[in-house]
Amino acid sequence: MLFLNGGEIMRAITLDEVMEAVSDAYILFDKGTCYIPNRAFYAHEGNKMIYMPCFAPGALITKILSFFPENYKKGKPTIDGVVLWKDPDSGEILAIMDAKKITALRTAAAGGLAVRYLSNPGSRTLGIVGAGMQGLHLALFVSTVRSIEHIYLYYTYRGEADSFADGLKEMLGRSIPCTRCGDTSELLEKSEIVVTATTSAVPVLPNDPALLANKCFVGVGSYSPSMREYPGAIWSVADTVYVDLEYAMEESGDLSQPLKEGLLKPERVKKISSLIGGIVMPPAEGKSNFFKTVGMSLVDLTTAAVVYKNALEKGIGQAVQG
């Protein structure tokens, strides 16, 4: 049995390979050949355990996550867990992988794909609301897809922007200036691409169509119906909403709430897979493009498949006796 920590996972896969794995998952899902059971949630005293199995042709995983939303106060990640890569014929565990890193990579890669298809290719500024581990990885992928020259940050609990910039430089291999904004209005004024990665239950952006126009938005937070990052005004400037799964209309408050309020119509929601391999769609004048990801275990599976294959070929990881 092979054990792969976060650093070993990063050594075993390239950013382009992660984005290709995510793209493959979207296409595979559309074929209907995989079995993806509903996530199992168990909550206690504000904390959650999440179980996400996935069966695909020739592959099997179980992803186990813990979500402790108050961990940031202790300087610890809010999400932790493992991805169990298994023999699809016997169920035997072949590898244990750090789920924090797999989750951060595949979620950020989904954002990177969306930026590739939905943003103006000439975009040079990126705004990130929520500067935790996920925000850092999103900056990594967006800065790989577009030639980002400046990053604007808004967050409420972490340290200085310099530490974010240092972490990004270590992963990206080049420096990008990072500036902390006083509020999200300032961030919107300065950013062409905007990514939100928070655990907020209320919109983190101002309800102002003028500030929300002419952007590419990627929503990563709001992974339950009670969570919402985007205000109602976004639907007056975004014609089409792209999602990784149609289920996002139920799971994410960013979509389920405006659907109930009549601000968003179901026919305006399309899957991002419809764009893969097609043309880039920069925002029309005065409009914005919007992508909402809620994730699925199939994306973890296709990402873990590449990690496992490359790790075996490159001799990366630690052998553990089962």
# chains A, B, ... in the order shown; residues from 1 in each chain; ligands from 1
>>> residues_around(residues="Gly182 (chain A)", least_positions_apart="4", cutoff="12 Å", atoms="only C-alpha atoms", output="PyMOL selection string")
chain A and resi 129+152-156+186-189
>>> residues_around(residues="Ala210 (chain A)", least_positions_apart="6", cutoff="12 Å", atoms="only C-alpha atoms", output="list in words")
Ser185, Leu188, Glu189, Ala233, Ile234, Ser236, Val237, Ala238, Gly286, Lys287 and Ser288 of chain A
>>> write_last_selection(atoms="C-alpha atoms", output="CSV table (one decimal), in the first residue's frame")
chain,number,residue,atom,x,y,z
A,185,SER,CA,-16.0,46.9,-3.5
A,188,LEU,CA,-14.2,44.4,-7.7
A,189,GLU,CA,-13.0,47.8,-9.0
A,233,ALA,CA,-27.5,41.7,-8.6
A,234,ILE,CA,-25.2,39.2,-10.2
A,236,SER,CA,-28.7,41.1,-13.8
A,237,VAL,CA,-25.2,41.1,-15.4
A,238,ALA,CA,-24.6,37.3,-15.9
A,286,GLY,CA,-21.5,45.1,-19.7
A,287,LYS,CA,-22.0,41.4,-18.9
A,288,SER,CA,-20.2,38.9,-16.7
>>> closest_residue(among="A:Ala197, A:Ile102, A:Leu138, A:Val280", to="Asn120 (chain A)", atoms="only C-alpha atoms")
A:Val280
>>> residues_around(residues="Ser66 (chain A)", least_positions_apart="2", cutoff="8 Å", atoms="only C-alpha atoms", output="compact mmCIF listing (two decimals) with C-alpha atoms, in the first residue's frame")
# COMPACT_ATOMS: atom_id res chain seq x y z
CA ASN A 47 -18.63 19.83 12.66
CA LYS A 48 -19.15 17.40 9.78
CA MET A 49 -17.86 14.11 8.48
CA ILE A 50 -18.36 13.54 4.75
CA ILE A 64 -13.39 10.77 3.62
CA PHE A 68 -14.37 21.72 11.25
CA THR A 78 -10.95 23.53 8.08
CA ILE A 79 -10.90 20.45 5.82
CA ASP A 80 -8.85 17.31 6.37
CA GLY A 81 -9.14 13.72 5.27
>>> residues_around(residues="Ser273 (chain A)", least_positions_apart="3", cutoff="9 Å", atoms="only C-alpha atoms", output="list of chain:residue names")
A:Ser23, A:Tyr26, A:Ile27, A:Asp30, A:Tyr242, A:Val243, A:Asp244, A:Lys270, A:Ile276, A:Gly277
>>> write_last_selection(atoms="C-alpha atoms", output="CSV table (one decimal), in the first residue's frame")
chain,number,residue,atom,x,y,z
A,23,SER,CA,-12.0,17.9,-17.9
A,26,TYR,CA,-16.8,16.1,-16.7
A,27,ILE,CA,-16.9,14.2,-20.0
A,30,ASP,CA,-21.8,13.0,-19.2
A,242,TYR,CA,-22.1,27.5,-15.9
A,243,VAL,CA,-21.9,24.6,-13.4
A,244,ASP,CA,-19.9,21.4,-13.0
A,270,LYS,CA,-25.6,25.1,-18.3
A,276,ILE,CA,-14.8,21.9,-23.2
A,277,GLY,CA,-13.0,21.8,-26.5
